[in-house]
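Asks: Provided below: run-v8.cif, containing mmCIF, C-alpha atoms.
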```
data_coords
loop_
_atom_site.label_atom_id
_atom_site.label_comp_id
_atom_site.auth_asym_id
_atom_site.auth_seq_id
_atom_site.Cartn_x
_atom_site.Cartn_y
_atom_site.Cartn_z
CA MET A 1 0.00 0.00 0.00
CA SER A 2 3.00 2.22 0.48
CA SER A 3 3.28 2.63 -3.27
CA SER A 4 -0.12 4.33 -3.42
CA ALA A 5 1.09 7.01 -1.04
CA ALA A 6 4.05 7.71 -3.27
CA PRO A 7 5.32 11.23 -2.64
CA SER A 8 4.57 13.73 -5.31
CA PRO A 9 7.65 15.90 -5.52
CA ARG A 10 5.86 19.24 -5.44
CA SER A 11 3.81 18.72 -2.26
CA VAL A 12 4.99 19.72 1.18
CA GLN A 13 5.29 17.32 4.09
CA LEU A 14 2.87 17.93 6.91
CA SER A 15 3.81 17.44 10.53
CA ALA A 16 2.05 14.94 12.75
CA TRP A 17 0.18 17.80 14.38
CA GLN A 18 -1.03 19.13 11.03
CA VAL A 19 -2.15 15.66 9.95
CA PHE A 20 -3.87 14.78 13.19
CA ARG A 21 -5.41 18.04 14.40
CA ALA A 22 -8.63 17.66 12.39
CA PRO A 23 -9.14 13.97 13.29
CA LEU A 24 -8.31 14.74 16.91
CA LEU A 25 -10.91 17.49 17.08
CA ILE A 26 -13.53 15.26 15.45
CA GLY A 27 -12.62 12.41 17.77
CA LEU A 28 -12.98 14.58 20.84
CA VAL A 29 -16.33 15.99 19.69
CA ALA A 30 -17.64 12.47 19.01
CA ALA A 31 -16.33 11.16 22.33
CA ALA A 32 -17.98 14.07 24.12
CA GLY A 33 -21.21 13.23 22.29
CA LEU A 34 -20.93 9.60 23.36
CA SER A 35 -20.62 10.52 27.03
CA PHE A 36 -23.07 13.46 27.14
CA GLY A 37 -25.93 11.13 26.32
CA LEU A 38 -25.23 9.19 29.51
CA PHE A 39 -25.49 12.24 31.75
CA GLY A 40 -29.15 12.92 31.28
CA ASP A 41 -32.09 13.45 28.99
CA GLY A 42 -33.21 16.51 27.07
CA VAL A 43 -30.32 18.88 26.41
CA TRP A 44 -27.74 16.16 27.06
CA ASP A 45 -29.35 13.91 24.48
CA GLY A 46 -29.34 16.80 22.00
CA LEU A 47 -25.62 17.39 22.56
CA CYS A 48 -25.05 13.66 22.19
CA TRP A 49 -26.84 13.57 18.82
CA LEU A 50 -24.99 16.68 17.68
CA GLY A 51 -21.54 15.37 18.65
CA LEU A 52 -22.05 11.96 17.04
CA SER A 53 -23.54 13.44 13.86
CA ILE A 54 -20.28 15.22 13.06
CA PRO A 55 -18.45 12.07 11.83
CA ILE A 56 -21.48 11.10 9.75
CA LEU A 57 -21.85 14.56 8.22
CA LEU A 58 -18.14 14.75 7.40
CA SER A 59 -18.27 11.29 5.83
CA LEU A 60 -21.18 12.39 3.67
CA ILE A 61 -19.64 15.75 2.71
CA TYR A 62 -16.22 14.40 1.78
CA GLY A 63 -17.61 11.16 0.40
CA ALA A 64 -20.03 13.07 -1.85
CA ARG A 65 -17.19 14.96 -3.52
CA TRP A 66 -15.92 11.71 -4.86
CA LYS A 67 -19.14 9.86 -5.53
CA SER A 68 -20.34 10.54 -9.05
CA GLY A 69 -23.96 9.60 -8.72
CA LEU A 70 -23.23 5.97 -7.88
CA GLU A 71 -24.01 4.50 -4.51
CA PRO A 72 -20.93 3.09 -2.74
CA ALA A 73 -22.32 -0.44 -2.91
CA GLN A 74 -22.89 -0.29 -6.65
CA ARG A 75 -19.53 1.33 -7.01
CA VAL A 76 -17.84 -1.54 -5.21
CA GLN A 77 -19.43 -3.98 -7.59
CA ALA A 78 -18.64 -1.88 -10.63
CA GLU A 79 -15.09 -1.53 -9.50
CA ALA A 80 -14.70 -5.16 -8.53
CA ARG A 81 -15.68 -5.97 -12.08
CA GLY A 82 -13.39 -3.28 -13.41
CA SER A 83 -10.37 -4.37 -11.42
CA GLY A 84 -10.96 -7.98 -12.41
CA SER A 85 -10.61 -7.15 -16.09
CA LYS A 86 -7.56 -4.92 -15.65
CA MET B 87 -12.21 -9.40 9.27
CA ILE B 88 -15.06 -11.68 8.22
CA PHE B 89 -16.13 -11.91 11.88
CA LEU B 90 -16.03 -8.16 12.26
CA LEU B 91 -18.17 -7.73 9.16
CA MET B 92 -20.58 -10.32 10.55
CA LEU B 93 -20.74 -8.41 13.85
CA CYS B 94 -21.46 -5.15 12.05
CA LEU B 95 -24.12 -6.69 9.83
CA THR B 96 -25.95 -8.54 12.62
CA GLY B 97 -25.54 -5.55 14.90
CA LEU B 98 -27.44 -3.32 12.50
CA PRO B 99 -30.90 -4.84 13.06
CA LEU B 100 -30.11 -5.37 16.75
CA ILE B 101 -29.83 -1.59 17.24
CA PHE B 102 -33.56 -1.42 16.52
CA HIS B 103 -34.55 -4.66 18.25
CA ASP B 104 -37.02 -2.88 20.52
CA GLU B 105 -38.75 -1.18 17.61
CA ILE B 106 -38.73 -4.37 15.52
CA ASN B 107 -40.16 -6.44 18.36
CA HIS B 108 -42.90 -3.86 18.91
CA LEU B 109 -43.79 -4.15 15.24
CA LEU B 110 -43.74 -7.93 15.14
CA GLU B 111 -45.42 -8.70 18.43
CA ASP B 112 -48.45 -7.38 20.17
CA GLU B 113 -47.29 -5.38 23.11
CA ILE B 114 -49.07 -6.36 26.30
CA SER B 115 -50.39 -3.27 28.02
CA ALA B 116 -52.27 -2.87 31.26
CA PRO B 117 -56.02 -2.31 30.88
CA ALA B 118 -57.15 1.21 31.76
CA MET B 119 -58.08 1.65 35.41
CA PRO B 120 -58.09 4.69 37.71
CA ALA B 121 -54.52 5.80 38.29
CA ASP B 122 -54.76 5.36 42.05
CA THR B 123 -55.96 1.74 41.91
CA PRO B 124 -53.92 -0.05 44.58
CA VAL B 125 -51.58 -2.85 43.50
CA LEU B 126 -51.67 -6.30 45.04
CA PRO B 127 -48.77 -7.65 47.06
CA LEU B 128 -46.13 -9.41 44.96
CA ASP B 129 -46.73 -12.72 46.71
CA ARG B 130 -50.31 -12.66 45.49
CA LEU B 131 -49.13 -11.98 41.91
CA ILE B 132 -46.57 -14.80 42.08
CA ALA B 133 -49.27 -17.14 43.40
CA SER B 134 -51.44 -16.19 40.46
CA ALA B 135 -48.62 -17.07 38.05
CA ARG B 136 -48.04 -20.37 39.90
CA GLN B 137 -51.70 -21.17 39.52
CA GLN B 138 -51.41 -20.71 35.77
CA GLN B 139 -48.25 -22.88 35.50
CA PRO B 140 -48.32 -25.14 38.59
CA LYS B 141 -45.44 -27.35 37.42
CA GLN B 142 -42.99 -24.53 36.83
CA HIS B 143 -40.43 -22.90 39.12
CA VAL B 144 -40.56 -19.16 39.66
CA LEU B 145 -37.08 -17.75 39.07
CA PHE B 146 -37.48 -14.00 39.12
CA VAL B 147 -40.03 -11.24 38.90
CA SER B 148 -39.52 -7.99 36.98
CA LEU B 149 -41.49 -4.89 37.83
CA LYS B 150 -42.32 -2.67 34.89
CA ALA B 151 -41.58 0.96 35.64
CA ALA B 152 -44.02 2.55 33.20
CA GLU B 153 -47.07 0.35 33.80
CA PRO B 154 -48.55 -1.58 36.71
CA LEU B 155 -47.37 -4.84 35.20
CA VAL B 156 -45.20 -7.56 36.63
CA VAL B 157 -43.44 -10.21 34.57
CA VAL B 158 -42.93 -13.54 36.33
CA ALA B 159 -40.18 -15.64 34.76
CA MET B 160 -40.69 -19.38 35.21
CA SER B 161 -38.77 -22.41 34.11
CA PRO B 162 -39.73 -26.09 33.88
CA THR B 163 -36.46 -27.00 35.63
CA PRO B 164 -35.14 -25.51 38.90
CA ILE B 165 -31.97 -24.55 37.02
CA PRO B 166 -33.12 -22.89 33.83
CA VAL B 167 -31.91 -23.92 30.41
CA PRO B 168 -31.01 -20.82 28.35
CA GLY B 169 -33.89 -19.86 26.10
CA GLN B 170 -36.38 -21.95 28.06
CA LEU B 171 -37.87 -19.18 30.20
CA HIS B 172 -41.61 -18.88 30.38
CA ARG B 173 -42.76 -15.29 30.89
CA LEU B 174 -46.10 -14.52 32.45
CA THR B 175 -47.29 -10.93 32.43
CA VAL B 176 -49.50 -10.25 35.42
CA ASP B 177 -51.67 -7.20 36.07
CA ALA B 178 -50.34 -5.86 39.35
CA ARG B 179 -53.77 -4.50 40.39
CA THR B 180 -55.97 -7.52 39.71
CA GLY B 181 -53.56 -10.44 39.52
CA ALA B 182 -55.01 -11.34 36.14
CA ILE B 183 -52.66 -13.13 33.75
CA LEU B 184 -52.44 -10.87 30.69
CA GLY B 185 -49.85 -12.80 28.75
CA ASP B 186 -48.33 -16.26 28.89
CA GLU B 187 -45.30 -16.26 26.66
CA ALA B 188 -43.93 -19.71 26.05
CA PRO B 189 -40.22 -20.04 25.29
CA HIS B 190 -39.70 -19.32 21.64
CA GLN B 191 -37.05 -18.05 19.36
CA ASP B 192 -37.84 -15.39 16.82
CA ALA B 193 -35.66 -13.95 14.08
CA MET B 194 -34.24 -11.29 16.38
CA ASP B 195 -33.18 -13.91 18.95
CA VAL B 196 -31.38 -15.83 16.22
CA ILE B 197 -29.58 -12.66 15.08
CA LEU B 198 -28.70 -11.88 18.69
CA ARG B 199 -27.27 -15.36 19.23
CA ILE B 200 -25.13 -15.07 16.08
CA HIS B 201 -23.95 -11.63 17.17
CA ARG B 202 -23.19 -12.72 20.71
CA ASP B 203 -21.74 -16.21 20.50
CA MET B 204 -22.54 -17.74 17.07
CA PHE B 205 -24.59 -20.41 18.88
CA THR B 206 -21.52 -21.77 20.63
CA GLY B 207 -22.08 -20.42 24.14
CA LEU B 208 -19.32 -18.98 26.27
CA PRO B 209 -16.37 -20.06 24.06
CA GLY B 210 -17.93 -18.29 21.08
CA GLU B 211 -18.68 -15.26 23.22
CA LEU B 212 -15.08 -15.01 24.39
CA PHE B 213 -13.84 -15.60 20.85
CA LEU B 214 -15.91 -12.68 19.60
CA GLY B 215 -14.60 -10.67 22.55
CA LEU B 216 -11.13 -11.39 21.25
CA MET B 217 -12.31 -10.22 17.82
CA GLY B 218 -13.34 -6.98 19.53
CA LEU B 219 -9.78 -6.58 20.77
CA VAL B 220 -8.44 -7.34 17.30
CA PHE B 221 -10.82 -4.68 16.00
CA ALA B 222 -9.48 -2.14 18.52
CA ALA B 223 -5.90 -3.07 17.64
CA SER B 224 -6.59 -2.67 13.93
CA ILE B 225 -8.15 0.75 14.58
CA VAL B 226 -5.06 1.84 16.52
CA SER B 227 -2.73 0.54 13.80
CA GLY B 228 -4.94 2.28 11.23
CA VAL B 229 -4.49 5.57 13.09
CA VAL B 230 -0.73 5.00 13.22
CA VAL B 231 -0.41 4.43 9.46
CA TYR B 232 -2.78 7.33 8.80
CA TRP B 233 0.14 9.71 9.23
CA PRO B 234 2.48 8.37 6.49
CA PHE B 235 -0.49 8.12 4.14
CA MET B 236 -1.73 11.62 4.79
CA ARG B 237 1.61 13.38 5.18
CA ARG B 238 1.23 15.14 1.85
CA LEU B 239 -2.53 15.42 1.70
CA GLN B 240 -5.00 17.83 3.20
CA PHE B 241 -7.58 16.32 5.53
CA GLY B 242 -10.48 14.86 3.60
CA THR B 243 -8.69 14.57 0.25
CA VAL B 244 -10.08 11.78 -1.88
CA ARG B 245 -7.93 11.31 -4.97
CA ASP B 246 -9.50 9.68 -8.00
CA ARG B 247 -6.44 8.85 -10.04
CA SER B 248 -7.16 5.13 -9.66
CA THR B 249 -9.83 2.95 -8.11
CA ARG B 250 -7.50 1.73 -5.43
CA LEU B 251 -6.35 5.21 -4.54
CA LYS B 252 -9.96 6.37 -4.23
CA TRP B 253 -10.83 3.55 -1.91
CA LEU B 254 -7.65 4.02 0.06
CA ASP B 255 -8.43 7.69 0.66
CA LEU B 256 -12.04 6.93 1.46
CA HIS B 257 -11.01 4.13 3.82
CA ASN B 258 -8.67 6.56 5.59
CA LEU B 259 -11.24 9.33 5.74
CA LEU B 260 -14.20 7.29 6.95
CA GLY B 261 -11.98 5.36 9.31
CA ILE B 262 -10.39 8.36 10.94
CA VAL B 263 -13.59 10.37 11.49
CA THR B 264 -15.32 7.44 13.22
CA VAL B 265 -12.42 6.37 15.44
CA SER B 266 -14.02 7.43 18.74
CA TRP B 267 -17.22 5.56 18.06
CA THR B 268 -15.67 2.38 16.64
CA LEU B 269 -13.22 2.19 19.54
CA ALA B 270 -16.01 2.75 22.08
CA VAL B 271 -18.33 0.17 20.53
CA GLY B 272 -15.53 -2.34 19.94
CA LEU B 273 -14.09 -2.19 23.43
CA THR B 274 -17.46 -2.11 25.21
CA GLY B 275 -18.45 -5.10 23.09
CA THR B 276 -15.40 -6.95 24.36
CA ILE B 277 -16.26 -6.02 27.94
CA ASN B 278 -19.80 -7.31 27.38
CA THR B 279 -18.45 -10.70 26.33
CA LEU B 280 -16.85 -10.96 29.76
CA ALA B 281 -20.22 -10.63 31.52
CA VAL B 282 -20.44 -14.29 32.52
CA PRO B 283 -16.87 -14.71 33.82
CA LEU B 284 -16.97 -11.33 35.56
CA SER B 285 -20.19 -12.03 37.43
CA ASP B 286 -18.89 -15.49 38.34
CA LEU B 287 -15.76 -13.84 39.72
CA TRP B 288 -17.83 -11.40 41.74
CA ARG B 289 -19.98 -14.20 43.08
CA ALA B 290 -16.92 -16.18 44.06
CA GLN B 291 -15.61 -13.14 45.93
CA THR B 292 -18.89 -12.15 47.57
CA MET B 293 -21.14 -15.11 48.09
CA PRO B 294 -19.15 -17.45 50.35
CA ALA B 295 -19.08 -14.85 53.15
CA LEU B 296 -22.81 -14.17 52.77
CA LEU B 297 -23.73 -17.82 52.72
CA ALA B 298 -21.43 -18.91 55.55
CA PRO B 299 -24.09 -18.56 58.28
CA HIS B 300 -26.49 -20.68 56.23
CA GLN B 301 -24.13 -23.57 55.58
CA GLY B 302 -25.83 -26.90 55.17
CA LYS B 303 -29.36 -25.53 54.93
CA PRO B 304 -31.57 -26.64 52.06
CA LEU B 305 -32.78 -24.20 49.41
CA ALA B 306 -34.84 -21.61 51.25
CA GLU B 307 -38.44 -20.80 50.40
CA ALA B 308 -39.10 -17.06 50.35
CA LYS B 309 -41.36 -16.25 53.27
CA SER B 310 -42.69 -13.06 51.73
CA VAL B 311 -41.40 -11.39 48.60
CA GLU B 312 -43.52 -8.32 49.31
CA ALA B 313 -41.98 -7.91 52.76
CA ALA B 314 -38.48 -8.14 51.27
CA VAL B 315 -39.27 -5.54 48.62
CA ASP B 316 -40.92 -3.27 51.17
CA ALA B 317 -37.90 -3.49 53.44
CA VAL B 318 -35.61 -2.53 50.56
CA ARG B 319 -37.88 0.34 49.51
CA THR B 320 -37.85 1.71 53.07
CA ALA B 321 -34.09 1.35 53.39
CA TYR B 322 -33.33 2.86 49.96
CA PRO B 323 -36.10 5.38 49.25
CA ASP B 324 -34.14 6.98 46.39
CA ARG B 325 -33.90 3.77 44.40
CA LEU B 326 -36.40 1.92 42.21
CA VAL B 327 -36.97 -1.80 42.52
CA ALA B 328 -36.40 -3.32 39.09
CA SER B 329 -36.65 -7.03 39.73
CA VAL B 330 -36.58 -9.70 42.40
CA THR B 331 -34.71 -13.00 42.16
CA LEU B 332 -36.20 -15.72 44.33
CA PRO B 333 -34.02 -18.16 46.28
CA THR B 334 -32.45 -20.40 43.68
CA ALA B 335 -29.48 -22.64 43.14
CA THR B 336 -28.69 -21.01 39.80
CA ARG B 337 -25.67 -18.84 39.22
CA PHE B 338 -27.64 -15.58 39.13
CA GLY B 339 -29.25 -15.97 42.54
CA SER B 340 -28.67 -17.03 46.10
CA PRO B 341 -30.09 -20.16 47.72
CA GLN B 342 -30.81 -18.32 50.98
CA HIS B 343 -31.74 -14.80 49.90
CA VAL B 344 -34.34 -12.90 47.98
CA ILE B 345 -32.24 -10.61 45.79
CA VAL B 346 -33.92 -7.29 45.19
CA TRP B 347 -32.33 -5.49 42.22
CA THR B 348 -32.55 -1.75 42.52
CA LYS B 349 -31.67 1.00 40.08
CA GLY B 350 -31.35 4.76 40.19
CA ARG B 351 -33.80 7.26 38.76
CA THR B 352 -31.64 9.25 36.31
CA PRO B 353 -30.88 7.88 32.81
CA PHE B 354 -27.34 7.02 33.86
CA THR B 355 -28.05 5.56 37.30
CA ALA B 356 -31.03 3.64 35.89
CA ARG B 357 -28.43 1.41 34.24
CA MET B 358 -26.50 0.93 37.47
CA PHE B 359 -28.26 -2.02 39.01
CA SER B 360 -27.39 -2.82 42.61
CA PRO B 361 -28.45 -5.96 44.42
CA VAL B 362 -29.83 -5.95 47.94
CA MET B 363 -29.84 -9.41 49.45
CA VAL B 364 -32.67 -9.99 51.86
CA ASP B 365 -32.72 -13.09 54.03
CA ALA B 366 -35.40 -15.39 52.66
CA GLN B 367 -36.77 -16.09 56.13
CA ASP B 368 -36.34 -12.73 57.81
CA SER B 369 -36.80 -9.56 55.78
CA THR B 370 -35.22 -7.38 58.46
CA LYS B 371 -31.84 -8.96 57.67
CA MET B 372 -30.50 -7.39 54.53
CA ILE B 373 -27.08 -6.91 53.01
CA ALA B 374 -26.25 -4.63 50.11
CA PRO B 375 -22.94 -5.99 48.81
CA ALA B 376 -20.90 -3.33 47.02
CA LEU B 377 -20.59 -4.02 43.31
CA SER B 378 -17.00 -4.27 42.21
CA TRP B 379 -15.49 -1.82 39.74
CA TYR B 380 -15.47 -4.44 37.01
CA LEU B 381 -19.21 -5.00 37.26
CA ARG B 382 -19.72 -1.22 37.18
CA ALA B 383 -17.56 -1.11 34.05
CA LEU B 384 -19.75 -3.83 32.59
CA GLN B 385 -22.89 -1.83 33.37
CA VAL B 386 -21.48 1.35 31.78
CA SER B 387 -20.39 -0.68 28.75
CA ARG B 388 -23.85 -1.88 27.95
CA PRO B 389 -25.48 1.39 26.83
CA LEU B 390 -22.28 2.46 25.07
CA HIS B 391 -22.37 -0.73 23.04
CA PHE B 392 -26.12 -0.87 22.38
CA GLY B 393 -26.64 2.85 21.71
CA ASP B 394 -29.96 2.72 23.54
CA TYR B 395 -29.47 5.70 25.81
CA GLY B 396 -30.53 8.60 23.62
CA GLY B 397 -33.85 7.71 22.08
CA LEU B 398 -34.56 6.88 18.45
CA PRO B 399 -32.28 9.62 17.00
CA LEU B 400 -29.29 8.04 18.71
CA LYS B 401 -30.26 4.62 17.35
CA ILE B 402 -30.37 6.08 13.84
CA ILE B 403 -26.94 7.68 14.41
CA TRP B 404 -25.71 4.30 15.68
CA ALA B 405 -26.99 2.60 12.53
CA LEU B 406 -25.36 5.18 10.23
CA LEU B 407 -22.04 4.85 12.04
CA ASP B 408 -22.39 1.08 11.77
CA ILE B 409 -22.92 1.39 8.01
CA ILE B 410 -19.83 3.62 7.73
CA THR B 411 -17.89 0.98 9.67
CA ILE B 412 -19.10 -1.68 7.24
CA ILE B 413 -17.79 0.48 4.36
CA VAL B 414 -14.45 0.93 6.15
CA LEU B 415 -14.16 -2.82 6.80
CA SER B 416 -15.07 -3.86 3.27
CA SER B 417 -12.83 -1.22 1.69
CA GLY B 418 -10.04 -2.44 3.96
CA LEU B 419 -10.68 -5.97 2.74
CA TYR B 420 -10.74 -4.77 -0.87
CA LEU B 421 -7.48 -2.84 -0.45
CA TRP B 422 -5.81 -5.84 1.14
CA VAL B 423 -6.93 -8.15 -1.66
CA ALA B 424 -5.97 -5.60 -4.32
CA LYS B 425 -2.54 -5.16 -2.78
CA ARG B 426 -1.90 -8.89 -2.54
CA ARG B 427 -3.07 -9.45 -6.07
CA GLY B 428 -0.95 -6.53 -7.22
CA SER B 429 2.23 -7.80 -5.60
CA ARG B 430 1.64 -11.34 -6.75
CA ARG B 431 1.12 -10.10 -10.29
CA ARG B 432 4.37 -8.18 -10.16
CA SER B 433 6.39 -11.11 -8.84
CA SER B 434 4.91 -13.60 -11.25
CA SER B 435 4.63 -11.31 -14.24
CA VAL B 436 6.49 -13.75 -16.43
CA VAL B 437 4.09 -16.55 -15.59
CA ALA B 438 1.17 -14.18 -16.10
CA ALA B 439 2.54 -13.09 -19.44
CA THR B 440 2.84 -16.64 -20.70
CA ALA B 441 -0.58 -17.47 -19.32
CA ALA B 442 -2.04 -14.45 -21.09
CA THR B 443 -0.80 -15.70 -24.43
CA VAL B 444 -2.48 -19.06 -23.84
CA SER B 445 -5.84 -17.83 -22.59
CA PRO B 446 -7.37 -14.71 -24.12
#
```
Rewrite the coordinates I just gave you, this time as C-alpha cells.
Replies:
Amino acid sequence: MSSSAAPSPRSVQLSAWQVFRAPLLIGLVAAAGLSFGLFGDGVWDGLCWLGLSIPILLSLIYGARWKSGLEPAQRVQAEARGSGSK
Amino acid sequence: MIFLLMLCLTGLPLIFHDEINHLLEDEISAPAMPADTPVLPLDRLIASARQQQPKQHVLFVSLKAAEPLVVVAMSPTPIPVPGQLHRLTVDARTGAILGDEAPHQDAMDVILRIHRDMFTGLPGELFLGLMGLVFAASIVSGVVVYWPFMRRLQFGTVRDRSTRLKWLDLHNLLGIVTVSWTLAVGLTGTINTLAVPLSDLWRAQTMPALLAPHQGKPLAEAKSVEAAVDAVRTAYPDRLVASVTLPTATRFGSPQHVIVWTKGRTPFTARMFSPVMVDAQDSTKMIAPALSWYLRALQVSRPLHFGDYGGLPLKIIWALLDIITIIVLSSGLYLWVAKRRGSRRRSSSVVAATAATVSP
C-alpha cells in the first residue's frame, strides 16, 4: 500500500500535528457526544446527537465529492468488475 | 475481518430490536383503570402465576416501571436452560394473567445469538470478545499508518487517479472520522463478552461470606417477597426496585436470599443495578454488597455498546455509524486483496505473461 502514497515531488510534508489536528478534534467531539448522552435526557441527548452526527456529516460531505452519482455499494461492484478485467 | 463484518451486519438490526419487536409482536399493556388503583402484594401476583403454570419454578419477577405490570419468569427446571424461560405478564392490580409467553425463538433472537456467540455459548462469546480486541488493535494501527499516508494530503482529500487510490483515501477518511465511536463500541463489546466470567468472579468473591451462616441448609423458600421488597424500599427510598430474584441454586441468585435489584432514577443511574440481598426467612436482615469496579464497568459498557441511551435519533446515528464501519471494513478488505493481487502479479509477471498468451 506504500506505493499508493508515493510522494509527489511538489507537495509539502505535513507534521504529525497538522495531519492529526482535524481527526483529533472530530474524535474529541464524538467522544464528548458519546458521554453526554449518559449524563441525562433533554439537552444532554441533544448534545449527544450533535456530537455523534459530526463524523457522519463529514463522511457524507467528503464522500459526496468523490461519488459521481453511484451508490458506494454499486460502485464496489462496478469496481470489482473493473479491477478484475484490468 | 469476516467476523467483524458479521458483527457489524448482525448488529445493524439489533440496534432497533425494541422497535422491531414492537412491530412484530403485540405489546401487552395494562387495561385502563383509575390511576390510584392499589396494587396487590407481589406474593399474590406470584401465586397467580403459579396457579397458571403449577409445574414450573418461579425464578425471578420484573417490575415494569411505566405500567402496573409484573413479569414472572418461570422455568420447567429448577436450574433454567437458556432460552427456556416462560414469561407470564401479570396485572399488578388484579392479579389477572395478561400474557403467557412460552419459550420461543424469533428472528431477532437468532440474530442476537449469532452476534453474541454464534450459537456456541461462552467459548464463542469469548472468541468474539477477542475479535473486539483485534478490532481495537486494527483501529489503533490504522491511526498510526494514517500519518504516512496523509503526510502530503489535506484532511479529507479523496484522490480519483485510480480505483484503489480512491478507496484508500475513502477508507482513511471514513476510518479516521469514526475512530471514537468504533473504539467505544468495539471495546465495550469486548467487555460485554466478559459478563459471565466477571459475574462469576464477583460471586466467588462475595457469596461465600454471605452464605457462611447458612451452611448446610436446604434451598430456602421465600417467606414473603412483598416484605423483602418493602424493606428494601424503606431502606433505599431513592432507588427503584427493578426485579426480584427468588431463592435459587442457579448462578444468578442465592439459595438463601431474595435478591432485590434496585436501580437509580436518572438515565445514567437507571443502568447501574445494585443488588440488595434480603434473608429469605427474615426480611429485616439485609445486606447490600458493594458491586466491584469491574461490574460497574460492565454496566457502563452496555449502553455504550447498544446505543440505547438517547432515544430513536441516537439509534439512527448508531446505525449510520455502523454502516460507515461496514464500508471501512469492506474497503479495507478490498485494499488488502488488491494489494496482494498486485504484488503477486508483479512477482509472477512472467508466468502471467505466458498465461495471457495461452488464454485470451
Asks: Given only C-alpha atoms as the basis, pick out the residue of B:Ile373, B:Val364, B:Met236, B:Ala306 nearest to A:Ala22.
Replies: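 Once distances to A:Ala22 are computed over only C-alpha atoms, the minimum belongs to B:Met236.
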Asks: What is the atom CA of B:Trp347-atom CA of B:Thr175 distance in Å, reported with one decimal?
Replies: 18.7 Å
Asks: Do you know which residues are at most 8 Å from stretch 286-296 of chain B counting all atoms listed in the file, after dropping those on the same chain fewer than 6 positions away, and could you put them as a PyMOL selection string?
Replies: chain B and resi 337+375+378+381
Asks: Compile the contact shell of A:Ile61 as a PyMOL selection string: residues with an atom at most 12 Å away, counting all atoms listed in the file, same-chain residues fewer than 5 positions apart removed.
Replies: (chain A and resi 54-56+66-67) or (chain B and resi 242-244+256+259-260+263)
Asks: For chain B, which residues have at least one atom within 6 Å of chain A, if we go by only C-alpha atoms? Write them as a list in words, please.
Replies: Phe235, Arg237, Arg238, Leu260, Val263, Thr264, Ser266, Pro353, Phe354 and Gly396 of chain B
Asks: Quick one: distance from atom CA of B:Ala270 to atom CA of B:His391 in Å, one decimal?
Replies: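 So the answer is 7.3 Å.
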Asks: Looking at all atoms listed in the file, which of B:Ala366, B:Ala135, B:Ile101, B:Ala374 is the one that sits closest to B:His300?
Replies: B:Ala366
Asks: Quick one: everything within 12 Å of B:Trp379, counting all atoms listed in the file, minus sequence neighbours fewer than 6 positions away in the same chain. Send it as a ChimeraX atom specification.
Replies: /B:284-285,288,358,385-386
Asks: What is the distance, in Å and to one decimal place, between atom CA of B:Pro140 and atom CA of B:Gln301?
Replies: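 Separation between atom CA of B:Pro140 and atom CA of B:Gln301: 29.6 Å.
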Asks: Which neighbours of B:Ala151 fall inside 9 Å, counting all atoms listed in the file, when residues of the same chain fewer than 5 positions from it are skipped, and could you give them as a PyMOL selection string?
Replies: chain B and resi 326-328
Asks: My list of candidates is B:Met194, B:Leu406, B:Ala152, B:Ala376. Which is closest to B:Ile106 when distances are computed with all atoms listed in the file?
Replies: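 Answer, going by the shortest atom-to-atom distance: B:Met194.
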Asks: Excluding B:His201 and residues on its chain fewer than 5 positions from it, collect all residues at most 7 Å away from it, counting all atoms listed in the file, and give them as a list in words.
Replies: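 Within the cut-off, the hits are Leu93, Thr96 and Gly97 of chain B.
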Asks: Could those residues be written to a file, using C-alpha atoms, as a PDB file, in the frame of the given file?
Replies:
```pdb
ATOM      1  CA  LEU B  93     -20.740  -8.410  13.850  1.00  0.00           C
ATOM      2  CA  THR B  96     -25.950  -8.540  12.620  1.00  0.00           C
ATOM      3  CA  GLY B  97     -25.540  -5.550  14.900  1.00  0.00           C
TER       4      GLY B  97
END
```
Asks: Could you state which residues are captured by the PyMOL selection byres ((chain B and resi 206-219) around 10) in this file, as a VMD selection string?
Replies: chain B and resid 87 89 to 90 93 168 199 to 205 220 to 225 269 271 to 283
Asks: Please, could you write that set of residues out with C-alpha atoms as a PDB file, in the frame of the given file?
Replies:
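Wrote part13.pdb, looks like this:
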```
ATOM      1  CA  MET B  87     -12.210  -9.400   9.270  1.00  0.00           C
ATOM      2  CA  PHE B  89     -16.130 -11.910  11.880  1.00  0.00           C
ATOM      3  CA  LEU B  90     -16.030  -8.160  12.260  1.00  0.00           C
ATOM      4  CA  LEU B  93     -20.740  -8.410  13.850  1.00  0.00           C
ATOM      5  CA  PRO B 168     -31.010 -20.820  28.350  1.00  0.00           C
ATOM      6  CA  ARG B 199     -27.270 -15.360  19.230  1.00  0.00           C
ATOM      7  CA  ILE B 200     -25.130 -15.070  16.080  1.00  0.00           C
ATOM      8  CA  HIS B 201     -23.950 -11.630  17.170  1.00  0.00           C
ATOM      9  CA  ARG B 202     -23.190 -12.720  20.710  1.00  0.00           C
ATOM     10  CA  ASP B 203     -21.740 -16.210  20.500  1.00  0.00           C
ATOM     11  CA  MET B 204     -22.540 -17.740  17.070  1.00  0.00           C
ATOM     12  CA  PHE B 205     -24.590 -20.410  18.880  1.00  0.00           C
ATOM     13  CA  VAL B 220      -8.440  -7.340  17.300  1.00  0.00           C
ATOM     14  CA  PHE B 221     -10.820  -4.680  16.000  1.00  0.00           C
ATOM     15  CA  ALA B 222      -9.480  -2.140  18.520  1.00  0.00           C
ATOM     16  CA  ALA B 223      -5.900  -3.070  17.640  1.00  0.00           C
ATOM     17  CA  SER B 224      -6.590  -2.670  13.930  1.00  0.00           C
ATOM     18  CA  ILE B 225      -8.150   0.750  14.580  1.00  0.00           C
ATOM     19  CA  LEU B 269     -13.220   2.190  19.540  1.00  0.00           C
ATOM     20  CA  VAL B 271     -18.330   0.170  20.530  1.00  0.00           C
ATOM     21  CA  GLY B 272     -15.530  -2.340  19.940  1.00  0.00           C
ATOM     22  CA  LEU B 273     -14.090  -2.190  23.430  1.00  0.00           C
ATOM     23  CA  THR B 274     -17.460  -2.110  25.210  1.00  0.00           C
ATOM     24  CA  GLY B 275     -18.450  -5.100  23.090  1.00  0.00           C
ATOM     25  CA  THR B 276     -15.400  -6.950  24.360  1.00  0.00           C
ATOM     26  CA  ILE B 277     -16.260  -6.020  27.940  1.00  0.00           C
ATOM     27  CA  ASN B 278     -19.800  -7.310  27.380  1.00  0.00           C
ATOM     28  CA  THR B 279     -18.450 -10.700  26.330  1.00  0.00           C
ATOM     29  CA  LEU B 280     -16.850 -10.960  29.760  1.00  0.00           C
ATOM     30  CA  ALA B 281     -20.220 -10.630  31.520  1.00  0.00           C
ATOM     31  CA  VAL B 282     -20.440 -14.290  32.520  1.00  0.00           C
ATOM     32  CA  PRO B 283     -16.870 -14.710  33.820  1.00  0.00           C
TER      33      PRO B 283
END
```
